Amino acid sequence: TPVFVSLEDPLTTVEGFVLLEDGTPVEGASITIHPGNASGTTNSVGRYSIRGVPTKLGNLTIFADKEVGTERLTGTATNVIPIPAGMTDAGLIRISASVYWDEDASGFWDVATNWSTDQVPGPDDRVIIDRPLGNFMITIRNGTNSVRSLRCEEALTLTRGTLTSLAPLVVNNVSFLLQGGTIANTTILPGLGVFGLTATSGTLSAVTLEAPLTVNNNGFVTVTNGLTLNNIATINSTGSTTRMDFAGTQALLGLGEVVMNGSGATLRGTSGFL
């Protein structure tokens, strides 16, 4: 698995432990670190040590994943500050049962029978969408959809409704589409291969973008409640107006940049101050 790093990054070694909720060490848990996509597994005492982790791409999010019988246990460590050229202590990750997509087919998020619990995921649920037998499309088409965490290996499209994740979410698929609706109060991590979010319409509300954003020709994205941009937002126009609108007085923060390609690419405030 490739690991994505910046030039002249001193890198770090990330160490930590994975436990069950009752404190039992977990052997053989899969560990994935974002950004950078470094990975490893835990040993017999639940410990992992992963070298070569980037330090210049921002704070780390660490995902732990283990299949036990018919259950898939997951956990997350967030906002881990990497120590350049040293050892980064990620502490303890406690894993518990997750809700996962259990159909080898595309479908709608709001259909309960598509999920392992036969219930649509809720605010306390760790959600995994990963079906190795194909590349499927999951569509969020309505409602307020709030989860504890989300890791998606399939294509994900938001056409209406709202998606919120307490922990940073990651989509390891080239197809992560905002075609309406709202992503709110969420940090979006770059996926494998530095995949990001592609938008033709919709709203980003109080979002932190660690992943790249692309707004395609004739598309528009409305930003509310501020945007923290730590990657590249590209507004592409091949003749038609393509916009990123900031509604009202708000802040554009972060270390990223906005790139406007074509004469119709527009970044604007619709009212107030930016």
# chains A, B, ... in the order shown; residues from 1 in each chain; ligands from 1

$ closest_atom_pairs --of "stretch 76-153 of chain A" --to "stretch 166-172 of chain A" --cutoff "8 Å" --atoms "only C-alpha atoms" --output "Markdown table"
| residue | atom | partner | partner_atom | distance |
| --- | --- | --- | --- | --- |
| A:Thr76 | CA | A:Ala167 | CA | 7.7 |
| A:Thr78 | CA | A:Ala167 | CA | 7.0 |
| A:Ser146 | CA | A:Leu166 | CA | 7.8 |
| A:Val147 | CA | A:Leu166 | CA | 6.5 |
| A:Arg148 | CA | A:Leu166 | CA | 4.9 |
| A:Ser149 | CA | A:Ala167 | CA | 4.9 |
| A:Leu150 | CA | A:Leu169 | CA | 4.9 |
| A:Arg151 | CA | A:Val170 | CA | 5.1 |
| A:Cys152 | CA | A:Val171 | CA | 4.7 |
| A:Glu153 | CA | A:Asn172 | CA | 4.8 |

$ residues_around --residues "stretch 91-108 of chain A" --least-positions-apart "3" --cutoff "8 Å" --atoms "only C-alpha atoms" --output "PyMOL selection string"
chain A and resi 15-21+23+64-65+71-77+111+114-117+121+125-131+133-134+136-141

$ select_by_dssp --residues "stretch 16-128 of chain A" --states "strand (DSSP E)" --output "number ranges by chain"
A: 16-20, 30-34, 38-41, 47-53, 60-68, 71-80, 87-97, 99-100, 107-108, 126-128

$ closest_atom_pairs --of "stretch 10-95 of chain A" --to "stretch 174-194 of chain A" --cutoff "8 Å" --atoms "only C-alpha atoms" --output "Markdown table"
| residue | atom | partner | partner_atom | distance |
| --- | --- | --- | --- | --- |
| A:His34 | CA | A:Leu189 | CA | 7.0 |
| A:Pro35 | CA | A:Pro190 | CA | 6.4 |
| A:Asn37 | CA | A:Leu192 | CA | 6.4 |

$ residues_around --residues "A:Gly28" --least-positions-apart "4" --cutoff "7 Å" --atoms "only C-alpha atoms" --output "mmCIF file with N, CA and C atoms, in the first residue's frame"
data_model
loop_
_atom_site.group_PDB
_atom_site.id
_atom_site.type_symbol
_atom_site.label_atom_id
_atom_site.label_comp_id
_atom_site.auth_asym_id
_atom_site.auth_seq_id
_atom_site.Cartn_x
_atom_site.Cartn_y
_atom_site.Cartn_z
ATOM 1 N N THR A 41 -0.675 -3.668 11.771
ATOM 2 C CA THR A 41 -1.565 -4.495 12.579
ATOM 3 C C THR A 41 -1.039 -4.560 14.015
ATOM 4 N N THR A 42 -1.925 -4.925 14.924
ATOM 5 C CA THR A 42 -1.541 -5.033 16.327
ATOM 6 C C THR A 42 -0.991 -6.420 16.638
ATOM 7 N N ASN A 43 -0.129 -6.483 17.674
ATOM 8 C CA ASN A 43 0.451 -7.764 18.085
ATOM 9 C C ASN A 43 -0.389 -8.405 19.196
#

$ atom_distance --atom1 "atom CA of A:Ile62" --atom2 "atom CA of A:Thr208"
17.1 Å

$ residues_around --residues "A:Val80" --least-positions-apart "3" --cutoff "9 Å" --atoms "only C-alpha atoms" --output "ChimeraX atom specification"
/A:59-62,77,88-90

$ atom_distance --atom1 "atom CA of A:Ile33" --atom2 "atom CA of A:Val53"
7.9 Å

$ atom_distance --atom1 "atom CA of A:Asn236" --atom2 "atom CA of A:Thr266"
9.2 Å

$ closest_residue --among "A:Gly269, A:Pro84, A:Gly40, A:Gly254" --to "A:Thr228" --atoms "only C-alpha atoms"
A:Gly254
